[in-house]
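> My structure is below; once you've seen it, I'll send some questions.
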Amino acid sequence: MLSLLRHLSWPELRHHPWRNLAALLAVMLGVALAFSVQLINQSALGEFSSAVRAVNGEPDFELRGQRGGFDEGLYGRVATLAQVAIASPIVELDTYAFDAQGQRVPVHVVGIDALVAARLSPALMPRPNAELDTDADRFAVLAADSIFLNAQAQQQLGNPRRVRLQTSAGSVELQVRGSIAANGPALAVMDIAGAQATFGWLGRLSRIDVRLAPGADRSAVLQALALPDGVRAASPDEAAQRVSNVSRAYRVNLTVLALVALFTGAFLVFSILSLSVAKRQPQLALLGVLGLGGRERLQLVLAESALLGAVGSVLGLALGTALAALALRLLAGDLGGGYFPGVAPHLQFSALAAFAYGGLGVLAALVGGWIPARAAQQLAPAQALKGLGTQQGRAARWPGPALLAAGVVLALLPPIAEIPLAAYLSVACLLLGGIACVPVGVAALLSLLKPSTRPLALLAIERARHQRNTATIAVAGVVASLSLAVALTVMVASFRDAVTQWLDTVLPADLYLRAAAGPGGNDVVTLPPQLLQRAAAVDGVLRVESQRVSVVHLDPQRPGVVLIARPLSQPEKELPLVGELLPLPAGERAAYVSEAMVSLYGAAPGTRLVMPLPDGRRVTLFVRGVWRDYARQHGAVTLHAADYQQLTGDTKVNDMALWLGAGTDLGSVQTALRAAAAASGLDGSLLEFASPGEIRAVSLRIFDRSFAVTYWLQAVAIAIGLFGIAASFSAQVLARRKEFGLLAHLGLTRRQVLAVVSIEGAVWTAAGALLGLLLGLAVSVVLVKVVNPQSFHWTMDLLLPWGRLAALCLAVVAAGTVTAWLSARSAAGRQMALAVKEDW
């Protein structure tokens, strides 16, 4: 085998390096994309888990409440319990710090009791620095105006000596007296009493870290504590596990999208090796006459496939590692998912993942080389030496329909661990089944054509009709690539149209303002209640509405649910509802939930939702309706503002929407609102303004950037399909030298022979384009109606952009026809008649 590879395969590779390089690149890109996604997410998750462990320490369990915290009286009961060795009270919240230029930097603030925290959370222990504070001593950690920063916070704030933090009552300036060892995002540590006083948390705690005495029973301790409503025992690594569980679907979706390149790469390997086997038919036939059996010829082509896959995989692993390192440096491991905010991970190489994805690359190449290898095995040496090609057996017809039926059944199955694995298998079965049905489909389509009265067209169509198994090689690539391109086109168009319509519904006002750039600061940076009245009095403002946004946890294993309180006089017009509203039973309060709440928590219309409030109390709400929300993947609940204020007493405001009179100058309104904020006790520079057009443009720009990879995959799929057509027709032309010679001997000119091949190419490519369009539409239904809801918990209407789809099909047909013509030029030379001279 090594001798055959050296004397037969190596010369072929050396004489046609670019053709083999194309297949090599396809395998390399597929492996590189999939492996880089794995490394990026693995590194980011590892770094995030490390940062969480540094902040949470190593207790046996934590007592946690909602974001609003719980009564610190519980700490006295926990600390005095005999079975508790250490109890460490913690206050933690998210806010903003300001650097020397006044720019905001998100910071996570943790208040600790330094006298007890050292044994549980050593990474949080303050380390006074005499260079930053000449009066630094061991009691500096207890000062209310002291703050200690980790390395990331020091870097982002420019190594300050004093730092200004935003609180709910304004900003406060604190003295930086040292550092902490905790890694990860920007983090600041204060004395717990100072944190409570600074941020208005007097009498409240965020959590209590508990380490039990040796031999103590956890369940007995929790039973003795009789935890109040809203407080629960949590494991220290709960946050890391929650992010891992939630980001799993995101990681799988990215990986599957990357493996599409491997799928198309397998077809390119198939086309390249089919051409290679066709070109080497005389050599393989001669070896067969000399004693090289069909099994050895099969092994030879498979060995070539494996070597191609192995080299491509090794290069792909190297490229994937480089891409992952670059992405971690530029994108900080986020990749647009938003699951690892503030984390700047270092690359963590995985040998196991490298072996797995390298094996996938080799497997893809072997799958692509199987049919050419079988063709080499079934080669009839005597006929091949005479240029008569290979007798092809009749392929079984049942695999195609069976795979299509399996695809339909799999599409109806629910997700597994919230991942649409069955739907992905459905897409794979539909693609493979559609490709397996190509011969039958081509025969059915060609049977609709009436016999032509023109000799050249009659010759081309009848040959295409009777040699439909041969068409599988050429048409399969068209069907595979075009179906993927059609499915991605329909999915992206449907999603973009749905997002555009949704934005039109949720952005009815003329101007929007908010007090914080993200949910992390919603509880600290809020709009003063009196600003609402002052804004309504600004010239040009006709109407003002506000909303309160907070986050509560319904399930410890999932991210928080966004709780939105806003005026709802006409919910059917003010919310992008899915379905009808139910009447509200007397004496109950209404909740309007997003689609994710139905998928994740079963909050269907007509059910009662037990909803925790930010202060830990629970209320029962009647679900009146479901609304579409493309901004919050993990669930949102909307309440009437009056109900929320009655339940919580919270009058804070995060966002405001303003309707303006005709001709009102936006700049003057913004200036007046900043002045009104300053008069209400809020720094006007914290206000962020945006018009509906700006929000829409930013949202769609983010959408297009997120789906840029799908556009690239569309181009790759079409390019591979066209290259497959070229390789397939080239292989067939080489195998049909005797046929062309006979046609020339019968009087057909070179131009007429080229016309016959071009018509065949047009017929086969048109049949493939139609089959690919139908198959792509079927796959797009699965992507839009099954994969999308199961992955992201929102729905959308199927939009078919017929103009783009028609242009795509016509471009493929035209390119296929031209490709067939170009492939036939080399064989249809002036000496075609000499190809049959040995038969004279």
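Ordered as shown in the structure tokens, chains take letters A, B, and onward, while each chain numbers its residues from 1 and ligands are numbered from 1 in the order shown.
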Which residues in region 594-770 of chain A does DSSP call strand (DSSP E or B)? List them as a ChimeraX atom specification.
/A:594,608-612,618-627,636-640,653,655-660,688-690
> Pick out the residues sitting within 6 Å of Phe61 (chain A), and hand them over as an mmCIF file with C-alpha atoms, in the first residue's frame; count only C-alpha atoms, and ignore anything fewer than 3 positions along from it in its own chain.

```
data_model
loop_
_atom_site.group_PDB
_atom_site.id
_atom_site.type_symbol
_atom_site.label_atom_id
_atom_site.label_comp_id
_atom_site.auth_asym_id
_atom_site.auth_seq_id
_atom_site.Cartn_x
_atom_site.Cartn_y
_atom_site.Cartn_z
ATOM 1 C CA VAL A 210 -21.625 28.545 55.995
ATOM 2 C CA ALA A 234 -27.191 26.847 47.466
ATOM 3 C CA SER A 235 -23.943 25.157 46.494
#
```
> Can you list, as a CSV table (one decimal) with N, CA, C and O atoms, in the first residue's frame, every protein, DNA or RNA residue that comes within 10 Å of Arg232 (chain A) when you count only C-alpha atoms, leaving out same-chain residues fewer than 6 positions away?

```csv
chain,number,residue,atom,x,y,z
A,61,PHE,N,-22.1,25.4,52.1
A,61,PHE,CA,-23.2,25.8,51.4
A,61,PHE,C,-23.4,27.3,51.6
A,61,PHE,O,-22.8,27.9,52.5
A,62,GLU,N,-24.2,27.9,50.8
A,62,GLU,CA,-24.5,29.4,51.0
A,62,GLU,C,-26.0,29.5,51.2
A,62,GLU,O,-26.8,28.8,50.6
A,63,LEU,N,-26.4,30.5,52.0
A,63,LEU,CA,-27.8,30.9,52.2
A,63,LEU,C,-28.0,32.1,51.3
A,63,LEU,O,-27.4,33.2,51.5
A,64,ARG,N,-28.8,32.0,50.3
A,64,ARG,CA,-29.1,33.1,49.3
A,64,ARG,C,-30.5,33.5,49.3
A,64,ARG,O,-31.4,32.6,49.5
A,65,GLY,N,-30.8,34.7,48.9
A,65,GLY,CA,-32.1,35.2,48.7
A,65,GLY,C,-32.2,35.8,47.3
A,65,GLY,O,-31.4,35.5,46.4
A,66,GLN,N,-33.2,36.6,47.0
A,66,GLN,CA,-33.4,37.2,45.7
A,66,GLN,C,-32.4,38.4,45.7
A,66,GLN,O,-31.6,38.7,46.6
A,207,ARG,N,-26.0,37.2,51.0
A,207,ARG,CA,-25.8,35.7,51.3
A,207,ARG,C,-25.0,35.5,52.6
A,207,ARG,O,-24.4,36.5,53.1
A,222,LEU,N,-30.3,22.8,58.3
A,222,LEU,CA,-31.3,23.6,57.6
A,222,LEU,C,-32.6,23.5,58.3
A,222,LEU,O,-33.4,24.5,58.3
A,556,PRO,N,-32.9,28.0,40.5
A,556,PRO,CA,-31.4,28.2,40.8
A,556,PRO,C,-30.5,27.7,39.6
A,556,PRO,O,-29.4,28.3,39.5
```
> May I ask for the distance between CA of Gln281 (chain A) and CA of Leu458 (chain A), given in Å to one decimal place?
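Separation between CA of Gln281 (chain A) and CA of Leu458 (chain A): 29.2 Å.
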> At what distance in Å, to one decimal, does CA of Leu205 (chain A) lie from CA of Val637 (chain A)?
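These atoms are spaced 25.5 Å apart.
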> Looking at only C-alpha atoms, which of A:Ala457, A:Ala364, A:Leu660, A:Val301 is the one that sits closest to Ala537 (chain A)?
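Of all the options, A:Leu660 lies closest to Ala537 (chain A).
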> Using DSSP on the backbone, list every residue of region 541-781 of chain A that comes out as alpha helix (DSSP H), and give them as an MDAnalysis selection string.
chainID A and resid 571:574 595:601 641:648 666:679 692:706 708:735 737:745 750:781
> I want to know what sits within 9 Å of Ala193 (chain A), based on only C-alpha atoms, with residues of the same chain fewer than 4 positions away left out; could you give that as number ranges by chain?
A: 111-113, 142-144, 197-198, 202
> Contacts of Trp370 (chain A) at 9 Å or less, counting only C-alpha atoms, minus same-chain residues fewer than 3 places along, as a PyMOL selection string?
chain A and resi 270+298+301-302+305+365-367+373-375
> For the selection just defined, write its residues with all heavy atoms to a file, as a short mmCIF file (atom, residue, chain, number, x, y, z; two decimals), in the first residue's frame.

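Writing the result to out.cif gives the following:
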```cif
data_model
loop_
_atom_site.label_atom_id
_atom_site.label_comp_id
_atom_site.auth_asym_id
_atom_site.auth_seq_id
_atom_site.Cartn_x
_atom_site.Cartn_y
_atom_site.Cartn_z
N PHE A 270 -15.48 14.03 -1.96
CA PHE A 270 -16.15 13.09 -2.86
C PHE A 270 -15.96 13.48 -4.32
O PHE A 270 -15.62 12.65 -5.17
CB PHE A 270 -17.64 13.07 -2.48
CG PHE A 270 -18.55 12.51 -3.53
CD1 PHE A 270 -18.53 11.17 -3.85
CD2 PHE A 270 -19.44 13.34 -4.19
CE1 PHE A 270 -19.38 10.66 -4.82
CE2 PHE A 270 -20.30 12.84 -5.15
CZ PHE A 270 -20.26 11.50 -5.47
N LEU A 298 -9.98 -0.51 -3.44
CA LEU A 298 -10.82 0.17 -2.44
C LEU A 298 -9.97 0.74 -1.31
O LEU A 298 -10.12 1.89 -0.90
CB LEU A 298 -11.87 -0.82 -1.89
CG LEU A 298 -12.72 -0.30 -0.72
CD1 LEU A 298 -13.77 0.67 -1.23
CD2 LEU A 298 -13.40 -1.47 0.01
N VAL A 301 -7.90 3.95 -2.40
CA VAL A 301 -8.63 5.22 -2.43
C VAL A 301 -9.01 5.66 -1.02
O VAL A 301 -8.95 6.85 -0.68
CB VAL A 301 -9.87 5.10 -3.34
CG1 VAL A 301 -10.65 6.42 -3.35
CG2 VAL A 301 -9.46 4.73 -4.75
N LEU A 302 -9.39 4.71 -0.16
CA LEU A 302 -9.70 5.07 1.22
C LEU A 302 -8.47 5.58 1.95
O LEU A 302 -8.55 6.49 2.80
CB LEU A 302 -10.30 3.88 1.96
CG LEU A 302 -11.74 3.49 1.56
CD1 LEU A 302 -12.20 2.29 2.37
CD2 LEU A 302 -12.69 4.67 1.78
N SER A 305 -8.06 9.07 0.99
CA SER A 305 -9.04 9.88 1.73
C SER A 305 -8.58 10.12 3.16
O SER A 305 -8.65 11.25 3.67
CB SER A 305 -10.41 9.20 1.73
OG SER A 305 -10.84 8.92 0.44
N ALA A 365 -13.57 12.95 5.61
CA ALA A 365 -12.85 12.63 4.38
C ALA A 365 -13.11 11.18 3.95
O ALA A 365 -13.27 10.90 2.75
CB ALA A 365 -11.35 12.85 4.59
N LEU A 366 -13.18 10.26 4.90
CA LEU A 366 -13.47 8.86 4.55
C LEU A 366 -14.88 8.70 4.00
O LEU A 366 -15.11 7.95 3.04
CB LEU A 366 -13.28 7.97 5.78
CG LEU A 366 -11.83 7.71 6.21
CD1 LEU A 366 -11.79 6.96 7.54
CD2 LEU A 366 -11.09 6.92 5.14
N VAL A 367 -15.83 9.43 4.59
CA VAL A 367 -17.21 9.37 4.07
C VAL A 367 -17.25 9.92 2.65
O VAL A 367 -17.90 9.36 1.76
CB VAL A 367 -18.16 10.17 4.98
CG1 VAL A 367 -19.53 10.34 4.33
CG2 VAL A 367 -18.31 9.46 6.32
N ALA A 373 -14.16 5.21 -3.80
CA ALA A 373 -13.43 3.98 -3.52
C ALA A 373 -14.20 2.76 -4.01
O ALA A 373 -13.62 1.81 -4.55
CB ALA A 373 -13.15 3.87 -2.02
N ARG A 374 -15.52 2.79 -3.83
CA ARG A 374 -16.35 1.69 -4.33
C ARG A 374 -16.31 1.63 -5.86
O ARG A 374 -16.31 0.55 -6.46
CB ARG A 374 -17.79 1.87 -3.86
CG ARG A 374 -17.97 1.61 -2.37
CD ARG A 374 -18.00 0.14 -2.06
NE ARG A 374 -19.17 -0.49 -2.68
CZ ARG A 374 -19.35 -1.81 -2.75
NH1 ARG A 374 -18.42 -2.62 -2.29
NH2 ARG A 374 -20.44 -2.31 -3.31
N ALA A 375 -16.26 2.82 -6.50
CA ALA A 375 -16.15 2.83 -7.96
C ALA A 375 -14.85 2.21 -8.42
O ALA A 375 -14.81 1.47 -9.42
CB ALA A 375 -16.27 4.27 -8.47
#
```
> Can you pull out the residues contacting Ile759 (chain A)? Cut-off 9 Å, using only C-alpha atoms, and skip same-chain residues under 5 positions away; I want them as an MDAnalysis selection string.
chainID A and resid 456:457 460:461 754 764 817 820:821
